[in-house]
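query.txt follows; it contains compact mmCIF, N, CA and C atoms.
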# COMPACT_ATOMS: atom_id res chain seq x y z
N MET A 1 -170.18 -5.86 -16.44
CA MET A 1 -169.00 -6.34 -15.75
C MET A 1 -168.20 -5.14 -15.25
N SER A 2 -167.75 -5.20 -14.02
CA SER A 2 -166.96 -4.13 -13.42
C SER A 2 -165.50 -4.23 -13.83
N ASP A 3 -164.83 -3.09 -13.73
CA ASP A 3 -163.39 -3.04 -13.98
C ASP A 3 -162.63 -3.49 -12.74
N VAL A 4 -161.34 -3.74 -12.93
CA VAL A 4 -160.48 -4.03 -11.79
C VAL A 4 -160.49 -2.80 -10.89
N SER A 5 -160.62 -3.01 -9.60
CA SER A 5 -160.70 -1.92 -8.63
C SER A 5 -159.30 -1.48 -8.21
N ILE A 6 -159.09 -0.18 -8.20
CA ILE A 6 -157.84 0.37 -7.70
C ILE A 6 -158.09 0.78 -6.26
N ILE A 7 -157.26 0.29 -5.36
CA ILE A 7 -157.39 0.56 -3.94
C ILE A 7 -156.32 1.58 -3.55
N TRP A 8 -156.72 2.66 -2.88
CA TRP A 8 -155.77 3.69 -2.46
C TRP A 8 -155.00 3.20 -1.24
N ASP A 9 -153.68 3.17 -1.35
CA ASP A 9 -152.79 2.77 -0.27
C ASP A 9 -152.35 4.04 0.46
N VAL A 10 -152.99 4.34 1.58
CA VAL A 10 -152.76 5.58 2.32
C VAL A 10 -151.31 5.68 2.77
N ASP A 11 -150.75 4.60 3.30
CA ASP A 11 -149.39 4.63 3.84
C ASP A 11 -148.34 4.97 2.79
N ASN A 12 -148.55 4.53 1.56
CA ASN A 12 -147.57 4.76 0.50
C ASN A 12 -148.02 5.78 -0.53
N SER A 13 -149.18 6.40 -0.32
CA SER A 13 -149.72 7.43 -1.21
C SER A 13 -149.74 6.98 -2.67
N ARG A 14 -150.36 5.82 -2.90
CA ARG A 14 -150.45 5.32 -4.27
C ARG A 14 -151.64 4.36 -4.39
N GLY A 15 -152.06 4.17 -5.61
CA GLY A 15 -153.11 3.20 -5.89
C GLY A 15 -152.52 1.86 -6.27
N ASP A 16 -153.24 0.80 -5.97
CA ASP A 16 -152.75 -0.53 -6.31
C ASP A 16 -153.94 -1.46 -6.51
N TRP A 17 -153.69 -2.59 -7.13
CA TRP A 17 -154.71 -3.62 -7.28
C TRP A 17 -154.65 -4.53 -6.07
N GLN A 18 -155.77 -5.16 -5.77
CA GLN A 18 -155.81 -6.10 -4.66
C GLN A 18 -156.26 -7.45 -5.18
N PHE A 19 -155.53 -8.48 -4.77
CA PHE A 19 -155.81 -9.84 -5.20
C PHE A 19 -156.50 -10.58 -4.06
N VAL A 20 -157.67 -11.13 -4.35
CA VAL A 20 -158.36 -12.02 -3.42
C VAL A 20 -158.61 -13.29 -4.22
N ALA A 21 -157.92 -14.34 -3.85
CA ALA A 21 -157.93 -15.57 -4.63
C ALA A 21 -159.36 -15.96 -5.02
N PRO A 22 -159.58 -16.29 -6.24
CA PRO A 22 -158.63 -16.52 -7.32
C PRO A 22 -158.52 -15.36 -8.31
N ALA A 23 -158.96 -14.14 -7.93
CA ALA A 23 -158.99 -13.07 -8.92
C ALA A 23 -158.69 -11.71 -8.28
N LEU A 24 -158.52 -10.72 -9.16
CA LEU A 24 -158.37 -9.34 -8.71
C LEU A 24 -159.73 -8.82 -8.27
N VAL A 25 -159.73 -7.93 -7.28
CA VAL A 25 -160.95 -7.30 -6.80
C VAL A 25 -161.49 -6.38 -7.89
N THR A 26 -162.79 -6.42 -8.12
CA THR A 26 -163.42 -5.54 -9.12
C THR A 26 -164.45 -4.66 -8.42
N GLY A 27 -164.97 -3.70 -9.16
CA GLY A 27 -165.98 -2.79 -8.63
C GLY A 27 -165.37 -1.42 -8.36
N ASN A 28 -166.14 -0.57 -7.71
CA ASN A 28 -165.69 0.79 -7.38
C ASN A 28 -165.20 1.54 -8.62
N ASP A 29 -165.94 1.40 -9.72
CA ASP A 29 -165.49 1.97 -10.99
C ASP A 29 -165.28 3.48 -10.94
N LEU A 30 -166.18 4.21 -10.27
CA LEU A 30 -166.01 5.66 -10.19
C LEU A 30 -164.75 6.03 -9.41
N LYS A 31 -164.54 5.39 -8.29
CA LYS A 31 -163.35 5.68 -7.48
C LYS A 31 -162.08 5.34 -8.25
N SER A 32 -162.07 4.22 -8.95
CA SER A 32 -160.90 3.84 -9.74
C SER A 32 -160.66 4.84 -10.87
N SER A 33 -161.73 5.31 -11.49
CA SER A 33 -161.60 6.31 -12.57
C SER A 33 -161.00 7.60 -12.05
N VAL A 34 -161.38 8.01 -10.85
CA VAL A 34 -160.83 9.21 -10.26
C VAL A 34 -159.34 9.02 -9.97
N LEU A 35 -158.97 7.88 -9.42
CA LEU A 35 -157.56 7.61 -9.13
C LEU A 35 -156.71 7.65 -10.40
N ILE A 36 -157.18 7.02 -11.45
CA ILE A 36 -156.45 7.04 -12.72
C ILE A 36 -156.35 8.46 -13.25
N SER A 37 -157.46 9.19 -13.19
CA SER A 37 -157.50 10.55 -13.71
C SER A 37 -156.56 11.49 -12.96
N LEU A 38 -156.47 11.34 -11.65
CA LEU A 38 -155.64 12.25 -10.86
C LEU A 38 -154.18 11.85 -10.79
N PHE A 39 -153.91 10.55 -10.70
CA PHE A 39 -152.56 10.12 -10.38
C PHE A 39 -151.80 9.47 -11.53
N THR A 40 -152.33 9.58 -12.73
CA THR A 40 -151.58 9.25 -13.93
C THR A 40 -151.04 10.56 -14.47
N ASP A 41 -149.78 10.58 -14.87
CA ASP A 41 -149.17 11.82 -15.34
C ASP A 41 -149.64 12.16 -16.75
N ARG A 42 -150.43 13.20 -16.85
CA ARG A 42 -150.88 13.72 -18.14
C ARG A 42 -149.71 14.46 -18.79
N ILE A 43 -149.64 14.42 -20.10
CA ILE A 43 -148.57 15.12 -20.80
C ILE A 43 -148.66 16.62 -20.54
N ALA A 44 -147.51 17.24 -20.36
CA ALA A 44 -147.45 18.68 -20.13
C ALA A 44 -147.89 19.42 -21.38
N ASN A 45 -148.50 20.57 -21.19
CA ASN A 45 -148.81 21.45 -22.31
C ASN A 45 -147.51 22.07 -22.81
N PRO A 46 -147.47 22.49 -24.07
CA PRO A 46 -146.22 23.06 -24.61
C PRO A 46 -145.70 24.26 -23.80
N ASP A 47 -146.59 25.01 -23.16
CA ASP A 47 -146.16 26.19 -22.41
C ASP A 47 -145.96 25.94 -20.91
N ASP A 48 -146.06 24.68 -20.47
CA ASP A 48 -145.86 24.35 -19.06
C ASP A 48 -144.37 24.36 -18.71
N ALA A 49 -144.05 24.92 -17.54
CA ALA A 49 -142.68 24.88 -17.02
C ALA A 49 -142.47 23.54 -16.32
N ILE A 50 -141.44 22.81 -16.73
CA ILE A 50 -141.14 21.51 -16.12
C ILE A 50 -140.01 21.75 -15.11
N LYS A 51 -140.40 21.76 -13.84
CA LYS A 51 -139.51 22.22 -12.77
C LYS A 51 -138.46 21.21 -12.33
N ASP A 52 -138.58 19.96 -12.77
CA ASP A 52 -137.59 18.98 -12.31
C ASP A 52 -136.29 19.02 -13.13
N GLY A 53 -136.25 19.90 -14.13
CA GLY A 53 -135.03 20.08 -14.90
C GLY A 53 -134.79 19.06 -16.00
N THR A 54 -135.67 18.08 -16.16
CA THR A 54 -135.45 17.04 -17.17
C THR A 54 -135.95 17.43 -18.55
N GLY A 55 -136.95 18.32 -18.60
CA GLY A 55 -137.58 18.64 -19.87
C GLY A 55 -138.54 17.56 -20.34
N ASP A 56 -138.72 16.50 -19.55
CA ASP A 56 -139.60 15.38 -19.90
C ASP A 56 -141.06 15.78 -19.69
N PRO A 57 -141.87 15.82 -20.76
CA PRO A 57 -143.27 16.22 -20.62
C PRO A 57 -144.17 15.11 -20.09
N ARG A 58 -143.59 13.94 -19.83
CA ARG A 58 -144.30 12.76 -19.33
C ARG A 58 -145.45 12.39 -20.25
N GLY A 59 -146.57 11.95 -19.67
CA GLY A 59 -147.69 11.51 -20.49
C GLY A 59 -147.64 10.02 -20.76
N TRP A 60 -148.55 9.58 -21.60
CA TRP A 60 -148.72 8.17 -21.90
C TRP A 60 -148.82 8.01 -23.41
N TRP A 61 -148.15 7.02 -23.96
CA TRP A 61 -148.15 6.84 -25.42
C TRP A 61 -149.56 6.61 -25.96
N GLY A 62 -150.46 6.08 -25.16
CA GLY A 62 -151.83 5.84 -25.60
C GLY A 62 -152.60 7.12 -25.88
N ASP A 63 -152.07 8.26 -25.45
CA ASP A 63 -152.73 9.53 -25.70
C ASP A 63 -152.40 10.12 -27.08
N LEU A 64 -151.43 9.53 -27.77
CA LEU A 64 -151.06 10.07 -29.08
C LEU A 64 -152.27 10.09 -30.00
N GLY A 65 -152.55 11.25 -30.54
CA GLY A 65 -153.67 11.40 -31.46
C GLY A 65 -155.03 11.55 -30.79
N GLU A 66 -155.07 11.52 -29.46
CA GLU A 66 -156.34 11.67 -28.74
C GLU A 66 -156.63 13.14 -28.47
N ASP A 67 -157.90 13.51 -28.44
CA ASP A 67 -158.28 14.89 -28.17
C ASP A 67 -158.07 15.26 -26.70
N VAL A 68 -158.36 14.32 -25.80
CA VAL A 68 -158.24 14.58 -24.37
C VAL A 68 -157.30 13.55 -23.76
N PRO A 69 -156.13 14.00 -23.28
CA PRO A 69 -155.21 13.03 -22.67
C PRO A 69 -155.70 12.55 -21.31
N ILE A 70 -155.23 11.37 -20.91
CA ILE A 70 -155.56 10.79 -19.62
C ILE A 70 -154.63 11.36 -18.56
N GLY A 71 -155.14 11.50 -17.36
CA GLY A 71 -154.31 11.88 -16.22
C GLY A 71 -154.40 13.35 -15.88
N SER A 72 -153.52 13.75 -14.96
CA SER A 72 -153.50 15.14 -14.52
C SER A 72 -152.10 15.71 -14.63
N ARG A 73 -152.05 17.02 -14.57
CA ARG A 73 -150.77 17.72 -14.59
C ARG A 73 -150.32 18.08 -13.17
N LEU A 74 -150.87 17.42 -12.16
CA LEU A 74 -150.45 17.67 -10.78
C LEU A 74 -148.95 17.49 -10.59
N TRP A 75 -148.36 16.58 -11.34
CA TRP A 75 -146.93 16.32 -11.22
C TRP A 75 -146.10 17.57 -11.48
N LEU A 76 -146.62 18.52 -12.25
CA LEU A 76 -145.89 19.75 -12.54
C LEU A 76 -145.69 20.60 -11.29
N LEU A 77 -146.51 20.37 -10.27
CA LEU A 77 -146.44 21.17 -9.05
C LEU A 77 -145.58 20.53 -7.97
N ASP A 78 -145.00 19.39 -8.27
CA ASP A 78 -144.31 18.58 -7.26
C ASP A 78 -143.25 19.35 -6.48
N ARG A 79 -142.52 20.23 -7.12
CA ARG A 79 -141.44 20.94 -6.43
C ARG A 79 -141.79 22.41 -6.19
N SER A 80 -143.07 22.68 -6.01
CA SER A 80 -143.53 24.04 -5.77
C SER A 80 -143.62 24.33 -4.28
N LYS A 81 -143.61 25.61 -3.95
CA LYS A 81 -143.79 26.02 -2.56
C LYS A 81 -145.25 25.85 -2.16
N GLN A 82 -145.48 25.75 -0.87
CA GLN A 82 -146.84 25.61 -0.36
C GLN A 82 -147.48 27.00 -0.27
N THR A 83 -148.14 27.40 -1.35
CA THR A 83 -148.79 28.70 -1.42
C THR A 83 -150.24 28.53 -1.84
N GLN A 84 -151.00 29.59 -1.70
CA GLN A 84 -152.39 29.58 -2.17
C GLN A 84 -152.44 29.43 -3.68
N ASP A 85 -151.49 30.06 -4.39
CA ASP A 85 -151.47 29.94 -5.86
C ASP A 85 -151.30 28.48 -6.28
N VAL A 86 -150.45 27.74 -5.57
CA VAL A 86 -150.25 26.33 -5.90
C VAL A 86 -151.52 25.54 -5.60
N LEU A 87 -152.20 25.85 -4.51
CA LEU A 87 -153.49 25.20 -4.22
C LEU A 87 -154.48 25.45 -5.34
N ASN A 88 -154.53 26.68 -5.83
CA ASN A 88 -155.45 27.02 -6.92
C ASN A 88 -155.09 26.25 -8.19
N GLU A 89 -153.79 26.16 -8.48
CA GLU A 89 -153.35 25.40 -9.66
C GLU A 89 -153.70 23.92 -9.51
N ALA A 90 -153.47 23.37 -8.31
CA ALA A 90 -153.79 21.96 -8.06
C ALA A 90 -155.28 21.71 -8.28
N ARG A 91 -156.11 22.61 -7.79
CA ARG A 91 -157.57 22.47 -8.00
C ARG A 91 -157.89 22.50 -9.49
N ASP A 92 -157.29 23.45 -10.21
CA ASP A 92 -157.53 23.55 -11.66
C ASP A 92 -157.08 22.27 -12.39
N TYR A 93 -155.93 21.73 -12.00
CA TYR A 93 -155.44 20.50 -12.63
C TYR A 93 -156.37 19.32 -12.33
N CYS A 94 -156.89 19.26 -11.12
CA CYS A 94 -157.83 18.19 -10.77
C CYS A 94 -159.11 18.32 -11.58
N LEU A 95 -159.64 19.53 -11.67
CA LEU A 95 -160.86 19.75 -12.47
C LEU A 95 -160.63 19.38 -13.93
N GLU A 96 -159.48 19.76 -14.47
CA GLU A 96 -159.14 19.42 -15.85
C GLU A 96 -159.10 17.91 -16.04
N ALA A 97 -158.49 17.22 -15.08
CA ALA A 97 -158.33 15.76 -15.18
C ALA A 97 -159.66 15.03 -15.07
N LEU A 98 -160.60 15.59 -14.34
CA LEU A 98 -161.89 14.93 -14.09
C LEU A 98 -163.00 15.40 -15.02
N GLN A 99 -162.76 16.42 -15.81
CA GLN A 99 -163.80 17.00 -16.66
C GLN A 99 -164.42 15.97 -17.61
N TRP A 100 -163.64 14.99 -18.04
CA TRP A 100 -164.17 13.97 -18.95
C TRP A 100 -165.39 13.26 -18.34
N MET A 101 -165.42 13.15 -17.02
CA MET A 101 -166.53 12.45 -16.36
C MET A 101 -167.84 13.20 -16.55
N VAL A 102 -167.77 14.52 -16.57
CA VAL A 102 -168.96 15.35 -16.83
C VAL A 102 -169.28 15.30 -18.32
N ASP A 103 -168.26 15.48 -19.16
CA ASP A 103 -168.46 15.49 -20.61
C ASP A 103 -169.08 14.19 -21.11
N ASP A 104 -168.66 13.06 -20.53
CA ASP A 104 -169.19 11.75 -20.94
C ASP A 104 -170.42 11.34 -20.14
N GLN A 105 -170.93 12.26 -19.30
CA GLN A 105 -172.13 12.03 -18.50
C GLN A 105 -172.00 10.85 -17.54
N VAL A 106 -170.78 10.61 -17.08
CA VAL A 106 -170.55 9.62 -16.04
C VAL A 106 -171.08 10.17 -14.72
N VAL A 107 -170.87 11.48 -14.51
CA VAL A 107 -171.44 12.20 -13.37
C VAL A 107 -172.14 13.45 -13.90
N ALA A 108 -173.11 13.94 -13.13
CA ALA A 108 -173.82 15.15 -13.54
C ALA A 108 -172.95 16.38 -13.33
N SER A 109 -172.21 16.39 -12.23
CA SER A 109 -171.29 17.49 -11.93
C SER A 109 -170.31 17.01 -10.87
N LEU A 110 -169.33 17.85 -10.60
CA LEU A 110 -168.34 17.51 -9.58
C LEU A 110 -167.81 18.78 -8.96
N ASP A 111 -167.22 18.63 -7.79
CA ASP A 111 -166.61 19.75 -7.11
C ASP A 111 -165.27 19.28 -6.55
N VAL A 112 -164.29 20.16 -6.58
CA VAL A 112 -162.96 19.84 -6.07
C VAL A 112 -162.51 20.96 -5.14
N GLN A 113 -162.01 20.59 -3.99
CA GLN A 113 -161.42 21.52 -3.03
C GLN A 113 -160.01 21.05 -2.71
N THR A 114 -159.08 21.99 -2.56
CA THR A 114 -157.71 21.63 -2.19
C THR A 114 -157.31 22.41 -0.94
N GLN A 115 -156.42 21.82 -0.16
CA GLN A 115 -155.91 22.51 1.02
C GLN A 115 -154.60 21.87 1.44
N TRP A 116 -153.84 22.62 2.21
CA TRP A 116 -152.65 22.06 2.84
C TRP A 116 -153.14 21.44 4.14
N VAL A 117 -153.13 20.12 4.23
CA VAL A 117 -153.68 19.45 5.41
C VAL A 117 -152.69 19.48 6.57
N ARG A 118 -151.42 19.57 6.27
CA ARG A 118 -150.36 19.80 7.25
C ARG A 118 -149.09 20.08 6.45
N ALA A 119 -148.04 20.40 7.14
CA ALA A 119 -146.79 20.72 6.44
C ALA A 119 -146.42 19.58 5.49
N THR A 120 -146.18 19.91 4.26
CA THR A 120 -145.78 19.03 3.16
C THR A 120 -146.85 18.04 2.71
N PHE A 121 -148.11 18.24 3.08
CA PHE A 121 -149.18 17.35 2.61
C PHE A 121 -150.29 18.14 1.94
N LEU A 122 -150.50 17.85 0.65
CA LEU A 122 -151.58 18.44 -0.12
C LEU A 122 -152.81 17.55 0.01
N GLY A 123 -153.93 18.16 0.32
CA GLY A 123 -155.18 17.41 0.41
C GLY A 123 -156.14 17.82 -0.69
N VAL A 124 -156.87 16.84 -1.22
CA VAL A 124 -157.88 17.08 -2.25
C VAL A 124 -159.16 16.39 -1.82
N GLN A 125 -160.26 17.16 -1.83
CA GLN A 125 -161.57 16.60 -1.56
C GLN A 125 -162.40 16.71 -2.83
N ILE A 126 -163.03 15.63 -3.21
CA ILE A 126 -163.80 15.58 -4.45
C ILE A 126 -165.22 15.13 -4.12
N ALA A 127 -166.18 15.82 -4.70
CA ALA A 127 -167.57 15.41 -4.60
C ALA A 127 -168.05 15.11 -6.01
N LEU A 128 -168.54 13.89 -6.22
CA LEU A 128 -169.10 13.48 -7.51
C LEU A 128 -170.61 13.42 -7.35
N TYR A 129 -171.32 14.17 -8.17
CA TYR A 129 -172.77 14.18 -8.13
C TYR A 129 -173.28 13.34 -9.29
N GLN A 130 -173.84 12.19 -8.97
CA GLN A 130 -174.32 11.26 -9.98
C GLN A 130 -175.69 11.70 -10.49
N PRO A 131 -175.99 11.41 -11.76
CA PRO A 131 -177.32 11.75 -12.27
C PRO A 131 -178.42 11.03 -11.48
N TYR A 132 -178.14 9.80 -11.10
CA TYR A 132 -179.07 9.01 -10.31
C TYR A 132 -178.23 8.31 -9.25
N GLY A 133 -178.56 8.50 -8.02
CA GLY A 133 -177.80 7.84 -6.97
C GLY A 133 -177.17 8.85 -6.05
N PRO A 134 -176.50 8.35 -5.04
CA PRO A 134 -175.95 9.24 -4.01
C PRO A 134 -174.71 10.00 -4.49
N GLN A 135 -174.44 11.10 -3.78
CA GLN A 135 -173.19 11.82 -3.98
C GLN A 135 -172.06 10.94 -3.46
N ILE A 136 -170.94 10.96 -4.16
CA ILE A 136 -169.76 10.21 -3.71
C ILE A 136 -168.70 11.22 -3.31
N SER A 137 -168.22 11.10 -2.08
CA SER A 137 -167.17 11.99 -1.58
C SER A 137 -165.87 11.21 -1.45
N LEU A 138 -164.80 11.79 -1.96
CA LEU A 138 -163.47 11.16 -1.92
C LEU A 138 -162.47 12.17 -1.38
N ALA A 139 -161.49 11.69 -0.65
CA ALA A 139 -160.45 12.57 -0.12
C ALA A 139 -159.10 11.88 -0.26
N TYR A 140 -158.11 12.67 -0.66
CA TYR A 140 -156.75 12.17 -0.83
C TYR A 140 -155.78 13.17 -0.22
N ALA A 141 -154.70 12.68 0.32
CA ALA A 141 -153.61 13.52 0.80
C ALA A 141 -152.31 12.81 0.44
N TRP A 142 -151.36 13.57 -0.02
CA TRP A 142 -150.08 12.95 -0.34
C TRP A 142 -148.94 13.92 -0.06
N ALA A 143 -147.78 13.33 0.20
CA ALA A 143 -146.59 14.11 0.56
C ALA A 143 -146.21 15.02 -0.60
N TRP A 144 -145.84 16.21 -0.26
CA TRP A 144 -145.50 17.24 -1.21
C TRP A 144 -144.01 17.51 -1.13
N ASN A 145 -143.30 17.38 -2.24
CA ASN A 145 -141.86 17.65 -2.25
C ASN A 145 -141.63 19.13 -2.52
N GLN A 146 -141.93 19.92 -1.51
CA GLN A 146 -141.87 21.36 -1.69
C GLN A 146 -140.45 21.89 -1.72
N LEU A 147 -140.31 23.03 -2.33
CA LEU A 147 -139.05 23.76 -2.28
C LEU A 147 -139.10 24.65 -1.04
N SER A 148 -138.00 24.80 -0.39
CA SER A 148 -137.99 25.68 0.79
C SER A 148 -137.48 27.06 0.42

I need this file expressed as structure tokens, please.
Amino acid sequence: MSDVSIIWDVDNSRGDWQFVAPALVTGNDLKSSVLISLFTDRIANPDDAIKDGTGDPRGWWGDLGEDVPIGSRLWLLDRSKQTQDVLNEARDYCLEALQWMVDDQVVASLDVQTQWVRATFLGVQIALYQPYGPQISLAYAWAWNQLS
């Protein structure tokens, strides 16, 4: 049985469920797993600088006591300048968030590339290499609340 499918809403830069009567759309498990992994706020590491001034490390209560938390730390970069260093950090955060897929043998390997697709938009391209089956390519871009 497939999981509920998360559909990427390009206009609003977010994932959402889609209802087709009488049920929610299912399938696309790998794509949904990537969306959850990238766009759920992973808890900050103790040494992470939280730039929004709140001191809130975010995260999810379901991660308490777990070895590997769900989500990514991309949110930590939200108020960063558009630099190559930030692109490198974003790539590292994406790889960290998706590493469970390799560890659990959901995919054989993966690749992540980041770029500034235009002013204030961070782009991420992901290639998932399945042990059996075709390569899956995914791309996301979302508005960046950069500091000037």

Minimum-distance residue to Asp92 of chain A, chosen among A:Ile43, A:Ala127, A:Gln135, A:Val112 (using all atoms listed in the file):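 Counting all atoms listed in the file, the residue closest to Asp92 of chain A is A:Val112.
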
Which polymer residues have any atom within 7 Å of an atom of Ala90 of chain A, counting only N, CA and C atoms, with same-chain residues fewer than 4 positions away left out, as a list of chain:residue names? A:Leu74, A:Asp85, A:Val86, A:Cys94, A:Leu95, A:Thr114

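Distance-wise, atom N of Asp67 of chain A and atom N of Asp111 of chain A end up 23.2 Å apart.
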
Can you measure atom CA of Pro57 of chain A to atom CA of Val117 of chain A for me? One decimal in Å is fine. 28.2 Å

Select, from A:Met101, A:Leu128, A:Val34, A:Leu76, the residue with the minimum atom-to-atom distance to Gly59 of chain A, counting only C-alpha atoms. A:Leu76

Need the shell around segment 118-123 of chain A: protein/DNA/RNA residues with any atom at most 5 Å away, counting all atoms listed in the file. Skip same-chain ones fewer than 6 positions apart. Format as a list in words? Tyr140, Ala141, Trp142, Ala143 and Trp144 of chain A

Given 3 Å of margin on each side, can you work out the centre and size in Å (one decimal) of an axis-aligned box holding every listed atom of segment 92-98 of chain A, as JSON?
{"center_x": -159.2, "center_y": 19.2, "center_z": -13.1, "size_x": 13.6, "size_y": 14.6, "size_z": 11.8}

Can you list every residue in segment 16-143 of chain A that DSSP puts in helix (DSSP H, G or I), as a ChimeraX atom specification? /A:29-39,61-63,74-77,84-103

In Å to one decimal, how far is atom N of Tyr132 of chain A from atom N of Gln105 of chain A?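 Interatomic distance here is 11.2 Å.
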
Extract, using only C-alpha atoms, all DNA, RNA and protein residues at most 12 Å from Val106 of chain A, discarding same-chain residues fewer than 2 positions from it, and format them as a compact mmCIF listing (two decimals) with N, CA and C atoms, in the frame of the given file.
# COMPACT_ATOMS: atom_id res chain seq x y z
N ASP A 29 -165.94 1.40 -9.72
CA ASP A 29 -165.49 1.97 -10.99
C ASP A 29 -165.28 3.48 -10.94
N LEU A 30 -166.18 4.21 -10.27
CA LEU A 30 -166.01 5.66 -10.19
C LEU A 30 -164.75 6.03 -9.41
N LYS A 31 -164.54 5.39 -8.29
CA LYS A 31 -163.35 5.68 -7.48
C LYS A 31 -162.08 5.34 -8.25
N SER A 33 -161.73 5.31 -11.49
CA SER A 33 -161.60 6.31 -12.57
C SER A 33 -161.00 7.60 -12.05
N VAL A 34 -161.38 8.01 -10.85
CA VAL A 34 -160.83 9.21 -10.26
C VAL A 34 -159.34 9.02 -9.97
N LEU A 98 -160.60 15.59 -14.34
CA LEU A 98 -161.89 14.93 -14.09
C LEU A 98 -163.00 15.40 -15.02
N GLN A 99 -162.76 16.42 -15.81
CA GLN A 99 -163.80 17.00 -16.66
C GLN A 99 -164.42 15.97 -17.61
N TRP A 100 -163.64 14.99 -18.04
CA TRP A 100 -164.17 13.97 -18.95
C TRP A 100 -165.39 13.26 -18.34
N MET A 101 -165.42 13.15 -17.02
CA MET A 101 -166.53 12.45 -16.36
C MET A 101 -167.84 13.20 -16.55
N VAL A 102 -167.77 14.52 -16.57
CA VAL A 102 -168.96 15.35 -16.83
C VAL A 102 -169.28 15.30 -18.32
N ASP A 103 -168.26 15.48 -19.16
CA ASP A 103 -168.46 15.49 -20.61
C ASP A 103 -169.08 14.19 -21.11
N ASP A 104 -168.66 13.06 -20.53
CA ASP A 104 -169.19 11.75 -20.94
C ASP A 104 -170.42 11.34 -20.14
N ALA A 108 -173.11 13.94 -13.13
CA ALA A 108 -173.82 15.15 -13.54
C ALA A 108 -172.95 16.38 -13.33
N SER A 109 -172.21 16.39 -12.23
CA SER A 109 -171.29 17.49 -11.93
C SER A 109 -170.31 17.01 -10.87
N LEU A 110 -169.33 17.85 -10.60
CA LEU A 110 -168.34 17.51 -9.58
C LEU A 110 -167.81 18.78 -8.96
N LEU A 128 -168.54 13.89 -6.22
CA LEU A 128 -169.10 13.48 -7.51
C LEU A 128 -170.61 13.42 -7.35
N TYR A 129 -171.32 14.17 -8.17
CA TYR A 129 -172.77 14.18 -8.13
C TYR A 129 -173.28 13.34 -9.29
N GLN A 130 -173.84 12.19 -8.97
CA GLN A 130 -174.32 11.26 -9.98
C GLN A 130 -175.69 11.70 -10.49
N PRO A 131 -175.99 11.41 -11.76
CA PRO A 131 -177.32 11.75 -12.27
C PRO A 131 -178.42 11.03 -11.48
N TYR A 132 -178.14 9.80 -11.10
CA TYR A 132 -179.07 9.01 -10.31
C TYR A 132 -178.23 8.31 -9.25
N GLY A 133 -178.56 8.50 -8.02
CA GLY A 133 -177.80 7.84 -6.97
C GLY A 133 -177.17 8.85 -6.05

Between A:Asp11, A:Phe39, A:Val124, A:Ala139, which has the minimum distance to Gly71 of chain A (counting all atoms listed in the file)? A:Phe39

Of the candidates A:Leu35, A:Leu77, A:Val68, A:Leu87, which one gets nearest to Asp48 of chain A if we count only C-alpha atoms?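 Closest to Asp48 of chain A, using only C-alpha atoms: A:Leu77.
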
Around the point (-153.8, 12.3, -13.4), in the coordinates given by the file, pick out the residues reaching within 7 Å, counting only C-alpha atoms, and return them as a PDB file with N, CA and C atoms, keeping the file's coordinate frame.
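Below is the file part-v6.pdb, written as the result:
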ATOM      1  N   ILE A  36    -157.180   7.020 -11.450  1.00  0.00           N
ATOM      2  CA  ILE A  36    -156.450   7.040 -12.720  1.00  0.00           C
ATOM      3  C   ILE A  36    -156.350   8.460 -13.250  1.00  0.00           C
ATOM      4  N   SER A  37    -157.460   9.190 -13.190  1.00  0.00           N
ATOM      5  CA  SER A  37    -157.500  10.550 -13.710  1.00  0.00           C
ATOM      6  C   SER A  37    -156.560  11.490 -12.960  1.00  0.00           C
ATOM      7  N   LEU A  38    -156.470  11.340 -11.650  1.00  0.00           N
ATOM      8  CA  LEU A  38    -155.640  12.250 -10.860  1.00  0.00           C
ATOM      9  C   LEU A  38    -154.180  11.850 -10.790  1.00  0.00           C
ATOM     10  N   PHE A  39    -153.910  10.550 -10.700  1.00  0.00           N
ATOM     11  CA  PHE A  39    -152.560  10.120 -10.380  1.00  0.00           C
ATOM     12  C   PHE A  39    -151.800   9.470 -11.530  1.00  0.00           C
ATOM     13  N   THR A  40    -152.330   9.580 -12.730  1.00  0.00           N
ATOM     14  CA  THR A  40    -151.580   9.250 -13.930  1.00  0.00           C
ATOM     15  C   THR A  40    -151.040  10.560 -14.470  1.00  0.00           C
ATOM     16  N   ASP A  41    -149.780  10.580 -14.870  1.00  0.00           N
ATOM     17  CA  ASP A  41    -149.170  11.820 -15.340  1.00  0.00           C
ATOM     18  C   ASP A  41    -149.640  12.160 -16.750  1.00  0.00           C
ATOM     19  N   ARG A  42    -150.430  13.200 -16.850  1.00  0.00           N
ATOM     20  CA  ARG A  42    -150.880  13.720 -18.140  1.00  0.00           C
ATOM     21  C   ARG A  42    -149.710  14.460 -18.790  1.00  0.00           C
ATOM     22  N   ILE A  70    -155.230  11.370 -20.910  1.00  0.00           N
ATOM     23  CA  ILE A  70    -155.560  10.790 -19.620  1.00  0.00           C
ATOM     24  C   ILE A  70    -154.630  11.360 -18.560  1.00  0.00           C
ATOM     25  N   GLY A  71    -155.140  11.500 -17.360  1.00  0.00           N
ATOM     26  CA  GLY A  71    -154.310  11.880 -16.220  1.00  0.00           C
ATOM     27  C   GLY A  71    -154.400  13.350 -15.880  1.00  0.00           C
ATOM     28  N   SER A  72    -153.520  13.750 -14.960  1.00  0.00           N
ATOM     29  CA  SER A  72    -153.500  15.140 -14.520  1.00  0.00           C
ATOM     30  C   SER A  72    -152.100  15.710 -14.630  1.00  0.00           C
ATOM     31  N   ARG A  73    -152.050  17.020 -14.570  1.00  0.00           N
ATOM     32  CA  ARG A  73    -150.770  17.720 -14.590  1.00  0.00           C
ATOM     33  C   ARG A  73    -150.320  18.080 -13.170  1.00  0.00           C
ATOM     34  N   LEU A  74    -150.870  17.420 -12.160  1.00  0.00           N
ATOM     35  CA  LEU A  74    -150.450  17.670 -10.780  1.00  0.00           C
ATOM     36  C   LEU A  74    -148.950  17.490 -10.590  1.00  0.00           C
ATOM     37  N   ALA A  97    -158.490  17.220 -15.080  1.00  0.00           N
ATOM     38  CA  ALA A  97    -158.330  15.760 -15.180  1.00  0.00           C
ATOM     39  C   ALA A  97    -159.660  15.030 -15.070  1.00  0.00           C
TER      40      ALA A  97
END
